file query.pdb (PDB, C-alpha atoms, pLDDT in the B column)
ATOM      1  CA  MET A 181       9.751  35.887 -71.930  1.00 90.00           C
ATOM      2  CA  LEU A 182       8.583  34.997 -68.454  1.00 93.00           C
ATOM      3  CA  GLN A 183      10.579  34.198 -65.352  1.00 96.00           C
ATOM      4  CA  ARG A 184       8.658  31.505 -63.522  1.00 97.00           C
ATOM      5  CA  THR A 185       8.868  29.614 -60.273  1.00 96.00           C
ATOM      6  CA  LEU A 186       8.188  25.901 -60.258  1.00 95.00           C
ATOM      7  CA  GLN A 187       4.789  25.368 -58.633  1.00 95.00           C
ATOM      8  CA  THR A 188       6.012  22.389 -56.606  1.00 92.00           C
ATOM      9  CA  ASP A 189       9.246  24.058 -55.418  1.00 89.00           C
ATOM     10  CA  SER A 190       9.307  27.807 -54.820  1.00 89.00           C
ATOM     11  CA  ARG A 191      13.130  27.812 -54.813  1.00 87.00           C
ATOM     12  CA  GLN A 192      13.338  26.588 -58.421  1.00 93.00           C
ATOM     13  CA  LYS A 193      13.297  29.281 -61.129  1.00 96.00           C
ATOM     14  CA  TYR A 194      13.215  29.052 -64.897  1.00 97.00           C
ATOM     15  CA  PHE A 195      12.615  31.232 -67.925  1.00 97.00           C
ATOM     16  CA  LEU A 196       9.850  30.388 -70.366  1.00 96.00           C
ATOM     17  CA  TYR A 197       9.304  31.729 -73.861  1.00 95.00           C
ATOM     18  CA  MET A 198       6.129  30.991 -75.777  1.00 92.00           C
ATOM     19  CA  PRO A 199       6.284  31.787 -79.506  1.00 92.00           C
ATOM     20  CA  ARG A 200       3.503  33.860 -81.038  1.00 87.00           C
ATOM     21  CA  GLN A 201       2.652  30.961 -83.338  1.00 80.00           C
ATOM     22  CA  GLY A 202       2.693  27.808 -81.291  1.00 68.00           C
ATOM     23  CA  GLY A 203       1.954  26.838 -77.761  1.00 62.00           C
ATOM     24  CA  ASN A 204      -0.468  23.932 -77.773  1.00 71.00           C
ATOM     25  CA  ALA A 205       1.441  20.816 -78.834  1.00 76.00           C
ATOM     26  CA  ALA A 206       4.493  22.874 -79.838  1.00 84.00           C
ATOM     27  CA  LYS A 207       7.840  21.194 -79.474  1.00 92.00           C
ATOM     28  CA  ILE A 208       9.984  22.146 -76.495  1.00 94.00           C
ATOM     29  CA  PHE A 209      13.520  23.488 -76.751  1.00 95.00           C
ATOM     30  CA  ILE A 210      15.665  23.536 -73.602  1.00 95.00           C
ATOM     31  CA  THR A 211      18.768  25.644 -73.142  1.00 95.00           C
ATOM     32  CA  VAL A 212      20.883  24.996 -70.058  1.00 92.00           C
ATOM     33  CA  HIS A 213      23.313  27.587 -68.740  1.00 88.00           C
ATOM     34  CA  GLY A 214      26.991  26.885 -68.320  1.00 80.00           C
ATOM     35  CA  ILE A 215      29.056  26.941 -65.160  1.00 80.00           C
ATOM     36  CA  SER A 216      28.807  30.733 -65.064  1.00 84.00           C
ATOM     37  CA  ARG A 217      25.053  30.190 -64.516  1.00 89.00           C
ATOM     38  CA  ASN A 218      24.158  32.834 -67.107  1.00 90.00           C
ATOM     39  CA  VAL A 219      20.577  31.665 -67.533  1.00 94.00           C
ATOM     40  CA  ARG A 220      19.157  35.101 -68.369  1.00 94.00           C
ATOM     41  CA  GLU A 221      21.640  35.541 -71.234  1.00 93.00           C
ATOM     42  CA  HIS A 222      20.822  32.068 -72.588  1.00 89.00           C
ATOM     43  CA  ALA A 223      17.125  32.812 -72.469  1.00 94.00           C
ATOM     44  CA  LYS A 224      17.508  36.157 -74.242  1.00 94.00           C
ATOM     45  CA  GLU A 225      19.765  34.734 -76.953  1.00 93.00           C
ATOM     46  CA  PHE A 226      17.571  31.738 -77.732  1.00 94.00           C
ATOM     47  CA  ALA A 227      14.188  33.511 -77.581  1.00 94.00           C
ATOM     48  CA  SER A 228      14.583  34.568 -81.219  1.00 94.00           C
ATOM     49  CA  TYR A 229      15.360  30.944 -82.155  1.00 94.00           C
ATOM     50  CA  ALA A 230      12.218  29.802 -80.351  1.00 94.00           C
ATOM     51  CA  GLU A 231      10.158  32.417 -82.152  1.00 94.00           C
ATOM     52  CA  LYS A 232      11.624  31.596 -85.559  1.00 93.00           C
ATOM     53  CA  TYR A 233      10.971  27.861 -85.236  1.00 92.00           C
ATOM     54  CA  GLY A 234       7.744  28.032 -83.223  1.00 92.00           C
ATOM     55  CA  VAL A 235       9.053  26.110 -80.243  1.00 94.00           C
ATOM     56  CA  VAL A 236       8.486  26.657 -76.547  1.00 95.00           C
ATOM     57  CA  MET A 237      11.771  27.515 -74.870  1.00 96.00           C
ATOM     58  CA  ILE A 238      12.668  26.535 -71.315  1.00 97.00           C
ATOM     59  CA  ALA A 239      15.803  27.894 -69.643  1.00 97.00           C
ATOM     60  CA  PRO A 240      16.157  26.369 -66.154  1.00 96.00           C
ATOM     61  CA  TYR A 241      18.307  27.953 -63.481  1.00 94.00           C
ATOM     62  CA  PHE A 242      20.412  25.614 -61.352  1.00 90.00           C
ATOM     63  CA  PRO A 243      21.737  27.740 -58.449  1.00 88.00           C
ATOM     64  CA  ALA A 244      25.100  26.815 -56.963  1.00 87.00           C
ATOM     65  CA  ASP A 245      23.765  26.331 -53.442  1.00 86.00           C
ATOM     66  CA  CYS A 246      21.323  23.594 -54.532  1.00 84.00           C
ATOM     67  CA  PHE A 247      23.153  22.233 -57.591  1.00 85.00           C
ATOM     68  CA  PRO A 248      26.899  22.678 -57.013  1.00 81.00           C
ATOM     69  CA  ASP A 249      27.725  19.939 -59.501  1.00 77.00           C
ATOM     70  CA  TYR A 250      24.632  19.986 -61.746  1.00 71.00           C
ATOM     71  CA  PRO A 251      26.309  18.793 -64.999  1.00 71.00           C
ATOM     72  CA  ARG A 252      27.238  15.542 -63.254  1.00 69.00           C
ATOM     73  CA  LEU A 253      23.665  14.769 -62.185  1.00 65.00           C
ATOM     74  CA  GLY A 254      23.868  14.790 -58.442  1.00 56.00           C
ATOM     75  CA  ARG A 255      27.340  13.724 -57.487  1.00 69.00           C
ATOM     76  CA  LYS A 256      27.087  16.699 -55.114  1.00 66.00           C
ATOM     77  CA  GLY A 257      23.773  18.345 -54.301  1.00 62.00           C
ATOM     78  CA  ASN A 258      20.414  17.843 -55.978  1.00 76.00           C
ATOM     79  CA  ARG A 259      19.892  16.119 -59.320  1.00 82.00           C
ATOM     80  CA  ALA A 260      19.239  18.668 -62.041  1.00 87.00           C
ATOM     81  CA  ASP A 261      17.632  16.108 -64.357  1.00 87.00           C
ATOM     82  CA  ILE A 262      14.862  15.360 -61.880  1.00 89.00           C
ATOM     83  CA  VAL A 263      14.097  19.063 -61.450  1.00 91.00           C
ATOM     84  CA  LEU A 264      14.201  19.570 -65.219  1.00 93.00           C
ATOM     85  CA  ASP A 265      11.635  16.783 -65.638  1.00 94.00           C
ATOM     86  CA  ALA A 266       9.349  18.611 -63.190  1.00 96.00           C
ATOM     87  CA  ILE A 267       9.789  21.893 -65.084  1.00 97.00           C
ATOM     88  CA  VAL A 268       8.979  20.242 -68.416  1.00 96.00           C
ATOM     89  CA  ALA A 269       5.890  18.560 -66.940  1.00 95.00           C
ATOM     90  CA  GLU A 270       4.684  21.914 -65.618  1.00 96.00           C
ATOM     91  CA  VAL A 271       5.262  23.654 -68.958  1.00 94.00           C
ATOM     92  CA  VAL A 272       3.404  20.899 -70.816  1.00 91.00           C
ATOM     93  CA  GLN A 273       0.401  21.544 -68.559  1.00 89.00           C
ATOM     94  CA  LEU A 274       0.654  25.302 -69.146  1.00 85.00           C
ATOM     95  CA  THR A 275       0.768  25.044 -72.927  1.00 79.00           C
TER
END

call {"tool": "encode", "arguments": {"input": "query.pdb", "output": "structure tokens"}}
result
Amino acid sequence: MLQRTLQTDSRQKYFLYMPRQGGNAAKIFITVHGISRNVREHAKEFASYAEKYGVVMIAPYFPADCFPDYPRLGRKGNRADIVLDAIVAEVVQLT
């Protein structure tokens, strides 16, 4: 599992897991942390799922200072869905 920084925004972090069998054209599975922002735990727990099913796993991190209200898509702070789209686009290029 890799911790990555979005190439277009050095403040944006995410975890990426590439299964041993998969990669090119593999389906993408996204796990989003809860309000406790436990992204590392989500990534660790779902890595075995990603391996078992041959999917690329993305676990974005939405820090409280930039995304105070991330589940509500930008009522306060940045819009998490727009950042997630950028992360997915980057991962598609990497795989």

call {"tool": "resolve_selection", "arguments": {"input": "query.pdb", "expression": "the PyMOL selection byres ((chain A and resi 239) around 6)", "output": "PyMOL selection string"}}
result
chain A and resi 194-195+210-212+223+238+240

call {"tool": "write_last_selection", "arguments": {"input": "query.pdb", "atoms": "C-alpha atoms", "output": "PDB file, in the frame of the given file"}}
result
ATOM      1  CA  TYR A 194      13.215  29.052 -64.897  1.00 97.00           C
ATOM      2  CA  PHE A 195      12.615  31.232 -67.925  1.00 97.00           C
ATOM      3  CA  ILE A 210      15.665  23.536 -73.602  1.00 95.00           C
ATOM      4  CA  THR A 211      18.768  25.644 -73.142  1.00 95.00           C
ATOM      5  CA  VAL A 212      20.883  24.996 -70.058  1.00 92.00           C
ATOM      6  CA  ALA A 223      17.125  32.812 -72.469  1.00 94.00           C
ATOM      7  CA  ILE A 238      12.668  26.535 -71.315  1.00 97.00           C
ATOM      8  CA  PRO A 240      16.157  26.369 -66.154  1.00 96.00           C
TER       9      PRO A 240
END

call {"tool": "atom_distance", "arguments": {"input": "query.pdb", "atom1": "CA of Arg220 in chain A", "atom2": "CA of Gln183 in chain A"}}
result
9.1 Å

call {"tool": "residues_around", "arguments": {"input": "query.pdb", "residues": "Asn204 in chain A", "least_positions_apart": "3", "cutoff": "10 Å", "atoms": "only C-alpha atoms", "output": "MDAnalysis selection string"}}
result
chainID A and resid 198 201 207 236 272:275

call {"tool": "residues_around", "arguments": {"input": "query.pdb", "residues": "Val271 in chain A", "least_positions_apart": "6", "cutoff": "10 Å", "atoms": "all atoms listed in the file", "output": "list in words"}}
result
Leu186, Leu196, Gly203, Ile208, Val236, Met237, Ile238 and Asp265 of chain A

call {"tool": "atom_distance", "arguments": {"input": "query.pdb", "atom1": "CA of Tyr229 in chain A", "atom2": "CA of Gln187 in chain A"}}
result
26.4 Å

call {"tool": "atom_distance", "arguments": {"input": "query.pdb", "atom1": "CA of Tyr233 in chain A", "atom2": "CA of Ala260 in chain A"}}
result
26.3 Å

call {"tool": "build_atoms", "arguments": {"input": "query.pdb", "residues": "range 212-223 of chain A", "atoms": "N, CA, C and O atoms", "output": "PDB file, in the frame of the given file"}}
result
ATOM      1  N   VAL A 212      20.362  25.075 -71.424  1.00 92.00           N
ATOM      2  CA  VAL A 212      20.883  24.996 -70.058  1.00 92.00           C
ATOM      3  C   VAL A 212      22.143  25.849 -69.961  1.00 92.00           C
ATOM      4  O   VAL A 212      23.056  25.709 -70.778  1.00 92.00           O
ATOM      5  N   HIS A 213      22.168  26.694 -68.956  1.00 88.00           N
ATOM      6  CA  HIS A 213      23.313  27.587 -68.740  1.00 88.00           C
ATOM      7  C   HIS A 213      24.585  26.788 -68.451  1.00 88.00           C
ATOM      8  O   HIS A 213      24.534  25.621 -68.082  1.00 88.00           O
ATOM      9  N   GLY A 214      25.697  27.483 -68.622  1.00 80.00           N
ATOM     10  CA  GLY A 214      26.991  26.885 -68.320  1.00 80.00           C
ATOM     11  C   GLY A 214      27.364  27.087 -66.862  1.00 80.00           C
ATOM     12  O   GLY A 214      26.535  27.489 -66.045  1.00 80.00           O
ATOM     13  N   ILE A 215      28.622  26.841 -66.548  1.00 80.00           N
ATOM     14  CA  ILE A 215      29.056  26.941 -65.160  1.00 80.00           C
ATOM     15  C   ILE A 215      29.029  28.368 -64.626  1.00 80.00           C
ATOM     16  O   ILE A 215      29.032  28.583 -63.422  1.00 80.00           O
ATOM     17  N   SER A 216      28.950  29.345 -65.518  1.00 84.00           N
ATOM     18  CA  SER A 216      28.807  30.733 -65.064  1.00 84.00           C
ATOM     19  C   SER A 216      27.369  31.030 -64.635  1.00 84.00           C
ATOM     20  O   SER A 216      27.093  32.098 -64.110  1.00 84.00           O
ATOM     21  N   ARG A 217      26.470  30.103 -64.898  1.00 89.00           N
ATOM     22  CA  ARG A 217      25.053  30.190 -64.516  1.00 89.00           C
ATOM     23  C   ARG A 217      24.361  31.415 -65.124  1.00 89.00           C
ATOM     24  O   ARG A 217      23.551  32.084 -64.503  1.00 89.00           O
ATOM     25  N   ASN A 218      24.680  31.675 -66.379  1.00 90.00           N
ATOM     26  CA  ASN A 218      24.158  32.834 -67.107  1.00 90.00           C
ATOM     27  C   ASN A 218      22.821  32.530 -67.782  1.00 90.00           C
ATOM     28  O   ASN A 218      22.656  32.706 -68.975  1.00 90.00           O
ATOM     29  N   VAL A 219      21.868  32.105 -67.008  1.00 94.00           N
ATOM     30  CA  VAL A 219      20.577  31.665 -67.533  1.00 94.00           C
ATOM     31  C   VAL A 219      19.831  32.788 -68.257  1.00 94.00           C
ATOM     32  O   VAL A 219      19.221  32.564 -69.297  1.00 94.00           O
ATOM     33  N   ARG A 220      19.876  33.992 -67.732  1.00 94.00           N
ATOM     34  CA  ARG A 220      19.157  35.101 -68.369  1.00 94.00           C
ATOM     35  C   ARG A 220      19.708  35.363 -69.772  1.00 94.00           C
ATOM     36  O   ARG A 220      18.955  35.577 -70.715  1.00 94.00           O
ATOM     37  N   GLU A 221      21.025  35.323 -69.927  1.00 93.00           N
ATOM     38  CA  GLU A 221      21.640  35.541 -71.234  1.00 93.00           C
ATOM     39  C   GLU A 221      21.257  34.425 -72.202  1.00 93.00           C
ATOM     40  O   GLU A 221      20.964  34.687 -73.374  1.00 93.00           O
ATOM     41  N   HIS A 222      21.246  33.186 -71.733  1.00 89.00           N
ATOM     42  CA  HIS A 222      20.822  32.068 -72.588  1.00 89.00           C
ATOM     43  C   HIS A 222      19.392  32.273 -73.059  1.00 89.00           C
ATOM     44  O   HIS A 222      19.083  32.104 -74.238  1.00 89.00           O
ATOM     45  N   ALA A 223      18.532  32.631 -72.128  1.00 94.00           N
ATOM     46  CA  ALA A 223      17.125  32.812 -72.469  1.00 94.00           C
ATOM     47  C   ALA A 223      16.945  33.931 -73.491  1.00 94.00           C
ATOM     48  O   ALA A 223      16.202  33.771 -74.470  1.00 94.00           O
TER      49      ALA A 223
END
